[in-house]
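Have a look at the structure below, then the notes.
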Amino acid sequence: MTDNDTSLPGERRHGAGTYQMLWNCRFCGTEKLLGLQHRHCPNCGAAQDPAWRYFPSEADMVAVEDHRYVGADRICPACSQPNSAAADFCVACGANLETGQIASTQGVRELGTGAAETDTRRDVVLDRFQAEMMRVRGEEKARPVLLGLTRTHLILIGVLLAVIACVAAGVYAVTYRKAASGTVQAAAWERVIEIQEFRALTDEAWRDQVPAGAYDLSCRERQRDTRRVEAGSHEECSDIDQGDGTFRRECRTVIDYRDEPVYDSYCRYTVNRWMSSRSVSAAGEADQSPPAWPVFQLSAGSGGDRLGAEREGERREVYRVVIEANGQQHVCEVPDLATWQQYTEGRAVDLKLTITGAVDCASLRPR
Ligand SMILES: [Zn+2]
Ligand SMILES: [Zn+2]
């Protein structure tokens with residue numbers, strides 16, 4: 001929306017102030033009667049009912065000059081005539097207004113940037129019928145079914161019990177263990193050494209995030225962020241039914257914002273780094289060869305920070321044993337060499353099986 005759009009409705013719209021609510025006579029059909037002036041229908045004499053009042057459209061708005069607000073109307077307990085809150089006795093029948101109810105209002109109408117193009121009259125009879133239907137339906141739903149509990153309560157309790165049962169079954173299945181015994185059939189080892197190479201690496205980053213030692217920088221401007229900036233203002237109004245046949249229009253100035261791009265340098269650069277390039281490994285069976293680290297050769301010219309140079313990286317070792325238990329073969333990894341050496345071929349072991357018959361490797365012990 002541009003600045004021009006916001007000023008247009010403002011010209012057609014009435015400003016802050018006090019205006020007449022309107023009402024339609026339900027008895028003779030006279031429309032757009034004034035809420036403050038016409039306490040009775042000038043056509044047939046019927047008393048105004050505050051429930052019939054509505055906010056007028058912009059074109060039908062009638063300003064009230066020098067209006068002194070004394071509070072929402074009081075309904076006469078004897079003849080239902082709405083009276084000014086300042087009155088002690090009914091203007092129509094003279095009854096004491098002390099026990100009279102405060103008139104209901106039409107609440108608040110929000111206008112935003114536009115004008116009130118239509119009035120807000122509603123079908124009061126239909127509204128009441130629908131409210132009654134909602135109330136009856138609500139009561140039906142809340143009727144107790146068993147032991148003072150409603151159907152909704154029973155469904156909730158059933159769902160809760162089902163969830164608890166599922167969780168309990170899950171915990172049982174995961175933690176279930178059955179003791180068993182087995183025999184070591186084989187034991188194997190594997191040792192791996194990672195080899196790193198000093199390489200030129202190309203990457204991109206914002207200028208303030210380019211790593212130290214980077215070279216061959218090539219940067220260009222690019223949008224990095226957005227910033228909120230003020231961009232004029234517009235007026236928003238709301239109409240408040242005062243309950244005495246008038247409404248109050250209140251307007252406030254709302255500041256508009258727009259997003260503005262923020263630019264920064266985005267750079268392509270090269271930097272030299274040690275990168276994992278290859279690995280060498282050795283493996284064997286316990287009965288054929290004892291565990292040993294693989295023998296390897298670094299590339300020519302290694303031993304410094306020169307492109308193409310190599311160095312040794314991380315070392316890894318893995319020890320496995322094959323167990324026969326319950327007529328099935330299972331493979332377990334053991335944590336270190338000393339533990340692995342206890343599992344010589346043919347040795348009896350104690351272990352635990354899970355609910356699916358798999359070995360819980362953490363429970364593996366030589367007998
Ligand atoms: Zn009338
Ligand atoms: Zn009265």
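Ordering of the structure tokens sets the chain letters (A, B, ...), residue numbers begin anew at 1 in every chain, and ligands are numbered from 1 in the order given.
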Surrounding residues as a PDB file with all heavy atoms, in the first residue's frame, ligand 1, max 12 Å, only C-alpha atoms and all ligand atoms:
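Final output, saved to selection_25.pdb:
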```
ATOM      1  N   TRP A  23     -31.612   3.096  15.169  1.00  0.00           N
ATOM      2  CA  TRP A  23     -32.435   1.912  15.460  1.00  0.00           C
ATOM      3  C   TRP A  23     -33.607   1.874  14.492  1.00  0.00           C
ATOM      4  O   TRP A  23     -34.011   2.914  13.964  1.00  0.00           O
ATOM      5  CB  TRP A  23     -32.885   1.878  16.915  1.00  0.00           C
ATOM      6  CG  TRP A  23     -33.798   2.986  17.368  1.00  0.00           C
ATOM      7  CD1 TRP A  23     -33.448   4.263  17.619  1.00  0.00           C
ATOM      8  CD2 TRP A  23     -35.208   2.893  17.622  1.00  0.00           C
ATOM      9  NE1 TRP A  23     -34.529   4.993  18.018  1.00  0.00           N
ATOM     10  CE2 TRP A  23     -35.642   4.155  18.039  1.00  0.00           C
ATOM     11  CE3 TRP A  23     -36.141   1.845  17.555  1.00  0.00           C
ATOM     12  CZ2 TRP A  23     -36.961   4.437  18.381  1.00  0.00           C
ATOM     13  CZ3 TRP A  23     -37.461   2.120  17.906  1.00  0.00           C
ATOM     14  CH2 TRP A  23     -37.867   3.409  18.316  1.00  0.00           C
ATOM     15  N   ASN A  24     -34.127   0.656  14.245  1.00  0.00           N
ATOM     16  CA  ASN A  24     -35.286   0.474  13.368  1.00  0.00           C
ATOM     17  C   ASN A  24     -36.465   0.017  14.210  1.00  0.00           C
ATOM     18  O   ASN A  24     -36.316  -0.854  15.068  1.00  0.00           O
ATOM     19  CB  ASN A  24     -35.003  -0.604  12.315  1.00  0.00           C
ATOM     20  CG  ASN A  24     -33.908  -0.179  11.360  1.00  0.00           C
ATOM     21  OD1 ASN A  24     -33.538   1.004  11.320  1.00  0.00           O
ATOM     22  ND2 ASN A  24     -33.378  -1.124  10.605  1.00  0.00           N
ATOM     23  N   CYS A  25     -37.633   0.604  13.969  1.00  0.00           N
ATOM     24  CA  CYS A  25     -38.831   0.205  14.716  1.00  0.00           C
ATOM     25  C   CYS A  25     -39.303  -1.143  14.189  1.00  0.00           C
ATOM     26  O   CYS A  25     -39.525  -1.317  12.994  1.00  0.00           O
ATOM     27  CB  CYS A  25     -39.940   1.255  14.579  1.00  0.00           C
ATOM     28  SG  CYS A  25     -41.451   0.752  15.444  1.00  0.00           S
ATOM     29  N   ARG A  26     -39.447  -2.114  15.113  1.00  0.00           N
ATOM     30  CA  ARG A  26     -39.847  -3.468  14.717  1.00  0.00           C
ATOM     31  C   ARG A  26     -41.349  -3.551  14.491  1.00  0.00           C
ATOM     32  O   ARG A  26     -41.832  -4.559  13.989  1.00  0.00           O
ATOM     33  CB  ARG A  26     -39.482  -4.468  15.810  1.00  0.00           C
ATOM     34  CG  ARG A  26     -38.021  -4.537  16.081  1.00  0.00           C
ATOM     35  CD  ARG A  26     -37.381  -5.700  15.349  1.00  0.00           C
ATOM     36  NE  ARG A  26     -35.962  -5.421  15.209  1.00  0.00           N
ATOM     37  CZ  ARG A  26     -35.135  -6.165  14.509  1.00  0.00           C
ATOM     38  NH1 ARG A  26     -35.580  -7.238  13.903  1.00  0.00           N
ATOM     39  NH2 ARG A  26     -33.879  -5.834  14.412  1.00  0.00           N
ATOM     40  N   PHE A  27     -42.060  -2.518  14.937  1.00  0.00           N
ATOM     41  CA  PHE A  27     -43.530  -2.597  14.863  1.00  0.00           C
ATOM     42  C   PHE A  27     -44.064  -2.004  13.583  1.00  0.00           C
ATOM     43  O   PHE A  27     -44.915  -2.586  12.932  1.00  0.00           O
ATOM     44  CB  PHE A  27     -44.137  -1.903  16.090  1.00  0.00           C
ATOM     45  CG  PHE A  27     -43.776  -2.611  17.366  1.00  0.00           C
ATOM     46  CD1 PHE A  27     -42.738  -2.151  18.169  1.00  0.00           C
ATOM     47  CD2 PHE A  27     -44.448  -3.767  17.742  1.00  0.00           C
ATOM     48  CE1 PHE A  27     -42.390  -2.826  19.317  1.00  0.00           C
ATOM     49  CE2 PHE A  27     -44.097  -4.448  18.900  1.00  0.00           C
ATOM     50  CZ  PHE A  27     -43.069  -3.983  19.691  1.00  0.00           C
ATOM     51  N   CYS A  28     -43.531  -0.827  13.160  1.00  0.00           N
ATOM     52  CA  CYS A  28     -44.065  -0.211  11.945  1.00  0.00           C
ATOM     53  C   CYS A  28     -43.024  -0.173  10.824  1.00  0.00           C
ATOM     54  O   CYS A  28     -43.328   0.251   9.716  1.00  0.00           O
ATOM     55  CB  CYS A  28     -44.584   1.200  12.220  1.00  0.00           C
ATOM     56  SG  CYS A  28     -43.271   2.376  12.591  1.00  0.00           S
ATOM     57  N   GLY A  29     -41.776  -0.622  11.102  1.00  0.00           N
ATOM     58  CA  GLY A  29     -40.772  -0.727  10.053  1.00  0.00           C
ATOM     59  C   GLY A  29     -40.042   0.562   9.749  1.00  0.00           C
ATOM     60  O   GLY A  29     -39.280   0.619   8.790  1.00  0.00           O
ATOM     61  N   THR A  30     -40.247   1.639  10.533  1.00  0.00           N
ATOM     62  CA  THR A  30     -39.524   2.884  10.288  1.00  0.00           C
ATOM     63  C   THR A  30     -38.037   2.652  10.547  1.00  0.00           C
ATOM     64  O   THR A  30     -37.667   2.074  11.565  1.00  0.00           O
ATOM     65  CB  THR A  30     -40.048   4.012  11.199  1.00  0.00           C
ATOM     66  OG1 THR A  30     -41.470   4.058  11.077  1.00  0.00           O
ATOM     67  CG2 THR A  30     -39.435   5.347  10.819  1.00  0.00           C
ATOM     68  N   GLU A  31     -37.179   3.089   9.618  1.00  0.00           N
ATOM     69  CA  GLU A  31     -35.747   2.810   9.720  1.00  0.00           C
ATOM     70  C   GLU A  31     -34.956   4.054  10.091  1.00  0.00           C
ATOM     71  O   GLU A  31     -35.428   5.182   9.974  1.00  0.00           O
ATOM     72  CB  GLU A  31     -35.235   2.255   8.383  1.00  0.00           C
ATOM     73  CG  GLU A  31     -35.845   0.905   8.046  1.00  0.00           C
ATOM     74  CD  GLU A  31     -35.031   0.148   7.021  1.00  0.00           C
ATOM     75  OE1 GLU A  31     -34.412   0.800   6.162  1.00  0.00           O
ATOM     76  OE2 GLU A  31     -35.006  -1.102   7.107  1.00  0.00           O
ATOM     77  N   LYS A  32     -33.716   3.814  10.547  1.00  0.00           N
ATOM     78  CA  LYS A  32     -32.730   4.865  10.830  1.00  0.00           C
ATOM     79  C   LYS A  32     -33.241   5.918  11.807  1.00  0.00           C
ATOM     80  O   LYS A  32     -33.043   7.117  11.613  1.00  0.00           O
ATOM     81  CB  LYS A  32     -32.261   5.518   9.521  1.00  0.00           C
ATOM     82  CG  LYS A  32     -31.537   4.530   8.608  1.00  0.00           C
ATOM     83  CD  LYS A  32     -31.083   5.164   7.329  1.00  0.00           C
ATOM     84  CE  LYS A  32     -30.440   4.121   6.407  1.00  0.00           C
ATOM     85  NZ  LYS A  32     -30.059   4.672   5.116  1.00  0.00           N
ATOM     86  N   LEU A  33     -33.930   5.484  12.882  1.00  0.00           N
ATOM     87  CA  LEU A  33     -34.340   6.407  13.943  1.00  0.00           C
ATOM     88  C   LEU A  33     -33.123   6.732  14.798  1.00  0.00           C
ATOM     89  O   LEU A  33     -32.202   5.936  14.909  1.00  0.00           O
ATOM     90  CB  LEU A  33     -35.435   5.758  14.803  1.00  0.00           C
ATOM     91  CG  LEU A  33     -36.739   5.508  14.035  1.00  0.00           C
ATOM     92  CD1 LEU A  33     -37.648   4.564  14.808  1.00  0.00           C
ATOM     93  CD2 LEU A  33     -37.448   6.834  13.762  1.00  0.00           C
ATOM     94  N   HIS A  38     -34.801   9.834  19.505  1.00  0.00           N
ATOM     95  CA  HIS A  38     -36.066   9.109  19.371  1.00  0.00           C
ATOM     96  C   HIS A  38     -36.151   7.983  20.382  1.00  0.00           C
ATOM     97  O   HIS A  38     -35.885   6.835  20.057  1.00  0.00           O
ATOM     98  CB  HIS A  38     -36.199   8.561  17.934  1.00  0.00           C
ATOM     99  CG  HIS A  38     -36.192   9.627  16.889  1.00  0.00           C
ATOM    100  ND1 HIS A  38     -35.473   9.526  15.709  1.00  0.00           N
ATOM    101  CD2 HIS A  38     -36.787  10.844  16.855  1.00  0.00           C
ATOM    102  CE1 HIS A  38     -35.640  10.629  14.997  1.00  0.00           C
ATOM    103  NE2 HIS A  38     -36.431  11.452  15.676  1.00  0.00           N
ATOM    104  N   ARG A  39     -36.589   8.323  21.618  1.00  0.00           N
ATOM    105  CA  ARG A  39     -36.750   7.282  22.637  1.00  0.00           C
ATOM    106  C   ARG A  39     -37.994   6.464  22.319  1.00  0.00           C
ATOM    107  O   ARG A  39     -38.130   5.335  22.778  1.00  0.00           O
ATOM    108  CB  ARG A  39     -36.861   7.902  24.029  1.00  0.00           C
ATOM    109  CG  ARG A  39     -35.760   8.910  24.345  1.00  0.00           C
ATOM    110  CD  ARG A  39     -34.382   8.315  24.202  1.00  0.00           C
ATOM    111  NE  ARG A  39     -33.957   7.654  25.422  1.00  0.00           N
ATOM    112  CZ  ARG A  39     -32.719   7.258  25.668  1.00  0.00           C
ATOM    113  NH1 ARG A  39     -31.775   7.446  24.744  1.00  0.00           N
ATOM    114  NH2 ARG A  39     -32.404   6.674  26.786  1.00  0.00           N
ATOM    115  N   HIS A  40     -38.916   7.064  21.541  1.00  0.00           N
ATOM    116  CA  HIS A  40     -40.090   6.340  21.038  1.00  0.00           C
ATOM    117  C   HIS A  40     -40.120   6.494  19.535  1.00  0.00           C
ATOM    118  O   HIS A  40     -39.605   7.477  19.008  1.00  0.00           O
ATOM    119  CB  HIS A  40     -41.389   6.912  21.614  1.00  0.00           C
ATOM    120  CG  HIS A  40     -41.519   6.672  23.078  1.00  0.00           C
ATOM    121  ND1 HIS A  40     -40.973   7.523  24.011  1.00  0.00           N
ATOM    122  CD2 HIS A  40     -42.107   5.667  23.767  1.00  0.00           C
ATOM    123  CE1 HIS A  40     -41.236   7.054  25.217  1.00  0.00           C
ATOM    124  NE2 HIS A  40     -41.915   5.923  25.106  1.00  0.00           N
ATOM    125  N   CYS A  41     -40.749   5.549  18.851  1.00  0.00           N
ATOM    126  CA  CYS A  41     -40.908   5.660  17.403  1.00  0.00           C
ATOM    127  C   CYS A  41     -41.833   6.845  17.108  1.00  0.00           C
ATOM    128  O   CYS A  41     -42.966   6.873  17.601  1.00  0.00           O
ATOM    129  CB  CYS A  41     -41.505   4.365  16.846  1.00  0.00           C
ATOM    130  SG  CYS A  41     -41.948   4.498  15.112  1.00  0.00           S
ATOM    131  N   PRO A  42     -41.380   7.842  16.309  1.00  0.00           N
ATOM    132  CA  PRO A  42     -42.246   9.004  16.024  1.00  0.00           C
ATOM    133  C   PRO A  42     -43.433   8.626  15.144  1.00  0.00           C
ATOM    134  O   PRO A  42     -44.382   9.379  15.041  1.00  0.00           O
ATOM    135  CB  PRO A  42     -41.317   9.982  15.299  1.00  0.00           C
ATOM    136  CG  PRO A  42     -40.108   9.215  14.905  1.00  0.00           C
ATOM    137  CD  PRO A  42     -40.057   7.946  15.684  1.00  0.00           C
ATOM    138  N   ASN A  43     -43.384   7.440  14.565  1.00  0.00           N
ATOM    139  CA  ASN A  43     -44.443   7.004  13.649  1.00  0.00           C
ATOM    140  C   ASN A  43     -45.567   6.266  14.369  1.00  0.00           C
ATOM    141  O   ASN A  43     -46.735   6.555  14.168  1.00  0.00           O
ATOM    142  CB  ASN A  43     -43.797   6.104  12.592  1.00  0.00           C
ATOM    143  CG  ASN A  43     -44.626   6.024  11.329  1.00  0.00           C
ATOM    144  OD1 ASN A  43     -45.394   6.947  11.031  1.00  0.00           O
ATOM    145  ND2 ASN A  43     -44.468   4.940  10.603  1.00  0.00           N
ATOM    146  N   CYS A  44     -45.174   5.294  15.289  1.00  0.00           N
ATOM    147  CA  CYS A  44     -46.207   4.483  15.944  1.00  0.00           C
ATOM    148  C   CYS A  44     -46.154   4.548  17.459  1.00  0.00           C
ATOM    149  O   CYS A  44     -47.009   3.985  18.139  1.00  0.00           O
ATOM    150  CB  CYS A  44     -46.104   3.021  15.499  1.00  0.00           C
ATOM    151  SG  CYS A  44     -44.717   2.142  16.232  1.00  0.00           S
ATOM    152  N   GLY A  45     -45.146   5.176  18.030  1.00  0.00           N
ATOM    153  CA  GLY A  45     -45.088   5.371  19.465  1.00  0.00           C
ATOM    154  C   GLY A  45     -44.448   4.249  20.253  1.00  0.00           C
ATOM    155  O   GLY A  45     -44.368   4.321  21.468  1.00  0.00           O
ATOM    156  N   ALA A  46     -43.967   3.188  19.571  1.00  0.00           N
ATOM    157  CA  ALA A  46     -43.338   2.076  20.286  1.00  0.00           C
ATOM    158  C   ALA A  46     -42.042   2.536  20.973  1.00  0.00           C
ATOM    159  O   ALA A  46     -41.329   3.402  20.450  1.00  0.00           O
ATOM    160  CB  ALA A  46     -43.012   0.949  19.310  1.00  0.00           C
ATOM    161  N   ALA A  47     -41.767   1.955  22.161  1.00  0.00           N
ATOM    162  CA  ALA A  47     -40.541   2.315  22.896  1.00  0.00           C
ATOM    163  C   ALA A  47     -39.315   1.714  22.215  1.00  0.00           C
ATOM    164  O   ALA A  47     -39.370   0.611  21.670  1.00  0.00           O
ATOM    165  CB  ALA A  47     -40.642   1.826  24.335  1.00  0.00           C
ATOM    166  N   GLN A  48     -38.201   2.447  22.274  1.00  0.00           N
ATOM    167  CA  GLN A  48     -36.934   1.967  21.697  1.00  0.00           C
ATOM    168  C   GLN A  48     -36.379   0.821  22.542  1.00  0.00           C
ATOM    169  O   GLN A  48     -36.398   0.894  23.760  1.00  0.00           O
ATOM    170  CB  GLN A  48     -35.943   3.132  21.687  1.00  0.00           C
ATOM    171  CG  GLN A  48     -34.604   2.794  21.073  1.00  0.00           C
ATOM    172  CD  GLN A  48     -33.548   3.857  21.333  1.00  0.00           C
ATOM    173  OE1 GLN A  48     -32.420   3.535  21.622  1.00  0.00           O
ATOM    174  NE2 GLN A  48     -33.918   5.135  21.232  1.00  0.00           N
ATOM    175  N   ASP A  49     -35.907  -0.237  21.885  1.00  0.00           N
ATOM    176  CA  ASP A  49     -35.237  -1.330  22.598  1.00  0.00           C
ATOM    177  C   ASP A  49     -33.734  -1.202  22.301  1.00  0.00           C
ATOM    178  O   ASP A  49     -33.331  -1.217  21.139  1.00  0.00           O
ATOM    179  CB  ASP A  49     -35.765  -2.682  22.079  1.00  0.00           C
ATOM    180  CG  ASP A  49     -35.179  -3.862  22.835  1.00  0.00           C
ATOM    181  OD1 ASP A  49     -34.066  -3.702  23.417  1.00  0.00           O
ATOM    182  OD2 ASP A  49     -35.807  -4.942  22.855  1.00  0.00           O
TER     183      ASP A  49
END
```
Extract, using only C-alpha atoms, all DNA, RNA and protein residues at most 12 Å from A:Val349, discarding same-chain residues fewer than 6 positions from it, and format them as a list in words.
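Here the answer would be Ala179, Ala180, Ser181, Gly182, Thr183, Val184, Gln185, Val321, Val322, Ile323, Glu324, Ala325, Gln342, Tyr343, Val359, Cys361, Ser363, Leu364, Arg365, Pro366 and Arg367 of chain A.
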Using only all heavy atoms, please write the residues we just selected to a file, as a compact mmCIF listing (two decimals), in the first residue's frame.
```txt
# COMPACT_ATOMS: atom_id res chain seq x y z
N ALA A 179 19.10 -64.02 30.59
CA ALA A 179 20.47 -64.52 30.74
C ALA A 179 20.68 -65.73 29.82
O ALA A 179 19.77 -66.55 29.64
CB ALA A 179 20.73 -64.89 32.19
N ALA A 180 21.87 -65.86 29.23
CA ALA A 180 22.18 -67.00 28.35
C ALA A 180 23.68 -67.24 28.41
O ALA A 180 24.43 -66.44 28.97
CB ALA A 180 21.74 -66.71 26.93
N SER A 181 24.11 -68.37 27.83
CA SER A 181 25.55 -68.62 27.76
C SER A 181 25.91 -68.92 26.31
O SER A 181 25.05 -69.28 25.51
CB SER A 181 25.92 -69.80 28.67
OG SER A 181 25.21 -70.94 28.24
N GLY A 182 27.19 -68.75 25.97
CA GLY A 182 27.61 -68.97 24.59
C GLY A 182 29.09 -69.32 24.53
O GLY A 182 29.75 -69.46 25.57
N THR A 183 29.61 -69.43 23.30
CA THR A 183 31.01 -69.80 23.09
C THR A 183 31.62 -68.84 22.07
O THR A 183 30.96 -68.45 21.11
CB THR A 183 31.10 -71.23 22.50
OG1 THR A 183 30.15 -72.05 23.16
CG2 THR A 183 32.49 -71.80 22.67
N VAL A 184 32.88 -68.45 22.31
CA VAL A 184 33.59 -67.59 21.35
C VAL A 184 33.96 -68.44 20.15
O VAL A 184 34.59 -69.49 20.28
CB VAL A 184 34.84 -66.98 22.00
CG1 VAL A 184 35.64 -66.17 20.96
CG2 VAL A 184 34.47 -66.10 23.19
N GLN A 185 33.57 -68.02 18.95
CA GLN A 185 33.88 -68.76 17.73
C GLN A 185 35.06 -68.17 17.00
O GLN A 185 35.82 -68.88 16.35
CB GLN A 185 32.66 -68.76 16.81
CG GLN A 185 31.57 -69.69 17.32
CD GLN A 185 30.74 -70.22 16.19
OE1 GLN A 185 30.43 -69.47 15.27
NE2 GLN A 185 30.38 -71.49 16.24
N VAL A 321 34.29 -59.77 18.46
CA VAL A 321 34.28 -61.21 18.74
C VAL A 321 32.98 -61.78 18.17
O VAL A 321 31.96 -61.11 18.17
CB VAL A 321 34.36 -61.53 20.25
CG1 VAL A 321 35.76 -61.27 20.77
CG2 VAL A 321 33.35 -60.74 21.04
N VAL A 322 33.07 -63.05 17.67
CA VAL A 322 31.88 -63.73 17.16
C VAL A 322 31.48 -64.76 18.21
O VAL A 322 32.28 -65.60 18.60
CB VAL A 322 32.17 -64.42 15.80
CG1 VAL A 322 30.90 -65.11 15.28
CG2 VAL A 322 32.68 -63.40 14.80
N ILE A 323 30.22 -64.64 18.70
CA ILE A 323 29.72 -65.50 19.78
C ILE A 323 28.65 -66.41 19.21
O ILE A 323 27.81 -65.97 18.42
CB ILE A 323 29.07 -64.65 20.89
CG1 ILE A 323 30.00 -63.54 21.36
CG2 ILE A 323 28.60 -65.52 22.05
CD1 ILE A 323 31.17 -63.99 22.18
N GLU A 324 28.66 -67.70 19.61
CA GLU A 324 27.57 -68.59 19.25
C GLU A 324 26.72 -68.82 20.50
O GLU A 324 27.24 -69.27 21.51
CB GLU A 324 28.12 -69.91 18.72
CG GLU A 324 27.14 -70.64 17.84
CD GLU A 324 26.75 -72.00 18.38
OE1 GLU A 324 27.47 -72.97 18.11
OE2 GLU A 324 25.71 -72.06 19.08
N ALA A 325 25.45 -68.40 20.43
CA ALA A 325 24.56 -68.59 21.58
C ALA A 325 23.18 -68.96 21.05
O ALA A 325 22.74 -68.37 20.06
CB ALA A 325 24.46 -67.30 22.41
N GLN A 342 40.91 -61.50 26.11
CA GLN A 342 40.32 -62.51 27.00
C GLN A 342 39.45 -63.49 26.22
O GLN A 342 39.21 -64.60 26.68
CB GLN A 342 39.45 -61.83 28.07
CG GLN A 342 40.25 -60.93 29.00
CD GLN A 342 39.33 -60.28 30.01
OE1 GLN A 342 38.31 -59.71 29.65
NE2 GLN A 342 39.69 -60.38 31.27
N TYR A 343 38.96 -63.05 25.04
CA TYR A 343 38.01 -63.88 24.29
C TYR A 343 38.75 -64.77 23.30
O TYR A 343 38.74 -64.54 22.10
CB TYR A 343 36.97 -63.01 23.58
CG TYR A 343 36.08 -62.27 24.55
CD1 TYR A 343 36.31 -60.93 24.81
CD2 TYR A 343 35.05 -62.93 25.20
CE1 TYR A 343 35.51 -60.24 25.71
CE2 TYR A 343 34.25 -62.25 26.10
CZ TYR A 343 34.48 -60.91 26.35
OH TYR A 343 33.72 -60.26 27.24
N VAL A 359 21.97 -60.07 20.97
CA VAL A 359 22.85 -60.04 22.15
C VAL A 359 22.99 -58.60 22.64
O VAL A 359 23.20 -57.69 21.83
CB VAL A 359 24.23 -60.63 21.80
CG1 VAL A 359 25.23 -60.37 22.93
CG2 VAL A 359 24.12 -62.12 21.55
N CYS A 361 25.47 -56.52 23.88
CA CYS A 361 26.94 -56.65 23.91
C CYS A 361 27.55 -56.09 25.20
O CYS A 361 28.61 -56.53 25.63
CB CYS A 361 27.54 -55.94 22.69
SG CYS A 361 27.28 -56.89 21.16
N SER A 363 26.56 -56.65 28.04
CA SER A 363 26.46 -57.64 29.13
C SER A 363 27.47 -58.79 28.94
O SER A 363 27.53 -59.70 29.76
CB SER A 363 25.04 -58.21 29.16
OG SER A 363 24.83 -59.03 28.02
N LEU A 364 28.24 -58.78 27.86
CA LEU A 364 29.16 -59.89 27.53
C LEU A 364 30.28 -59.99 28.55
O LEU A 364 30.96 -59.00 28.86
CB LEU A 364 29.73 -59.63 26.13
CG LEU A 364 30.51 -60.77 25.48
CD1 LEU A 364 29.60 -61.96 25.24
CD2 LEU A 364 31.13 -60.29 24.18
N ARG A 365 30.48 -61.22 29.17
CA ARG A 365 31.55 -61.45 30.16
C ARG A 365 32.17 -62.81 29.88
O ARG A 365 31.43 -63.78 29.66
CB ARG A 365 30.97 -61.47 31.58
CG ARG A 365 30.33 -60.18 32.05
CD ARG A 365 31.35 -59.13 32.51
NE ARG A 365 30.66 -57.92 32.91
CZ ARG A 365 30.29 -56.97 32.06
NH1 ARG A 365 30.51 -57.11 30.77
NH2 ARG A 365 29.68 -55.89 32.50
N PRO A 366 33.51 -62.92 29.95
CA PRO A 366 34.11 -64.25 29.87
C PRO A 366 33.81 -65.03 31.14
O PRO A 366 33.76 -64.43 32.22
CB PRO A 366 35.61 -63.95 29.74
CG PRO A 366 35.80 -62.54 30.13
CD PRO A 366 34.50 -61.83 30.14
N ARG A 367 33.57 -66.34 31.02
CA ARG A 367 33.20 -67.11 32.23
C ARG A 367 34.45 -67.46 33.02
O ARG A 367 35.48 -67.80 32.44
CB ARG A 367 32.45 -68.38 31.83
CG ARG A 367 31.87 -69.11 33.04
CD ARG A 367 31.01 -70.26 32.65
NE ARG A 367 29.75 -69.79 32.05
CZ ARG A 367 28.88 -70.61 31.46
NH1 ARG A 367 29.16 -71.91 31.33
NH2 ARG A 367 27.76 -70.15 30.98
```
Give the residue list for ligand 2 at 12 Å, counting only C-alpha atoms and all ligand atoms, as a PyMOL selection string, sorted by chain and then by residue number.
chain A and resi 39+47-48+74-84+87-100
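Using only C-alpha atoms, the shortest contact distance between A:Ser218 and any of A:Trp206, A:Thr175, A:Glu194, A:Cys267 is found at A:Cys267.
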Close residues, A:Arg222 itself excluded, 9 Å, only C-alpha atoms, min 4 positions apart in chain, as a compact mmCIF listing (two decimals) with all heavy atoms, in the first residue's frame:
```txt
# COMPACT_ATOMS: atom_id res chain seq x y z
N VAL A 262 19.84 -4.22 3.66
CA VAL A 262 21.15 -3.82 4.18
C VAL A 262 22.19 -4.62 3.38
O VAL A 262 22.08 -5.84 3.28
CB VAL A 262 21.26 -4.17 5.68
CG1 VAL A 262 22.65 -3.83 6.21
CG2 VAL A 262 20.20 -3.43 6.47
N TYR A 263 23.15 -3.91 2.78
CA TYR A 263 24.15 -4.57 1.92
C TYR A 263 25.48 -4.75 2.64
O TYR A 263 25.80 -4.01 3.57
CB TYR A 263 24.35 -3.75 0.64
CG TYR A 263 23.14 -3.78 -0.25
CD1 TYR A 263 22.18 -2.77 -0.17
CD2 TYR A 263 22.93 -4.83 -1.13
CE1 TYR A 263 21.04 -2.81 -0.97
CE2 TYR A 263 21.80 -4.88 -1.93
CZ TYR A 263 20.86 -3.87 -1.84
OH TYR A 263 19.74 -3.92 -2.62
N ASP A 264 26.26 -5.75 2.19
CA ASP A 264 27.58 -6.02 2.76
C ASP A 264 28.41 -6.75 1.70
O ASP A 264 27.87 -7.19 0.69
CB ASP A 264 27.43 -6.88 4.03
CG ASP A 264 28.68 -6.77 4.90
OD1 ASP A 264 29.62 -6.06 4.51
OD2 ASP A 264 28.71 -7.43 5.97
N SER A 265 29.72 -6.88 1.94
CA SER A 265 30.60 -7.55 0.99
C SER A 265 30.59 -9.05 1.23
O SER A 265 30.78 -9.50 2.36
CB SER A 265 32.04 -7.05 1.15
OG SER A 265 32.11 -5.70 0.81
N TYR A 266 30.34 -9.81 0.16
CA TYR A 266 30.37 -11.27 0.23
C TYR A 266 31.56 -11.72 -0.61
O TYR A 266 31.69 -11.32 -1.77
CB TYR A 266 29.07 -11.83 -0.32
CG TYR A 266 28.87 -13.28 0.02
CD1 TYR A 266 28.63 -13.67 1.34
CD2 TYR A 266 28.91 -14.26 -0.96
CE1 TYR A 266 28.44 -15.00 1.66
CE2 TYR A 266 28.73 -15.59 -0.65
CZ TYR A 266 28.49 -15.95 0.66
OH TYR A 266 28.30 -17.26 0.98
```
Neighbouring residues of A:Ala231 were defined as those with any atom within 9 Å, considering only C-alpha atoms; residues of the same chain fewer than 6 positions away were excluded. Please report them as a ChimeraX atom specification.
/A:3,255-258
Using atom CA of A:Asp350 and atom CA of A:Arg320 as the two end points, give the distance in Å to one decimal.
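Between these atoms lies a distance of 16.3 Å.
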Excluding stretch 268-279 of chain A and its own-chain neighbours fewer than 6 positions away, which residues fall within 10 Å of it when counting only C-alpha atoms? Please give them as a VMD selection string.
chain A and resid 192 to 207 210 to 220 294 296 305 to 315
Show which residues sit within 12 Å of A:Gly138, as a ChimeraX atom specification. Count only C-alpha atoms, and ignore same-chain residues fewer than 5 positions away.
/A:131-133,143,150,152
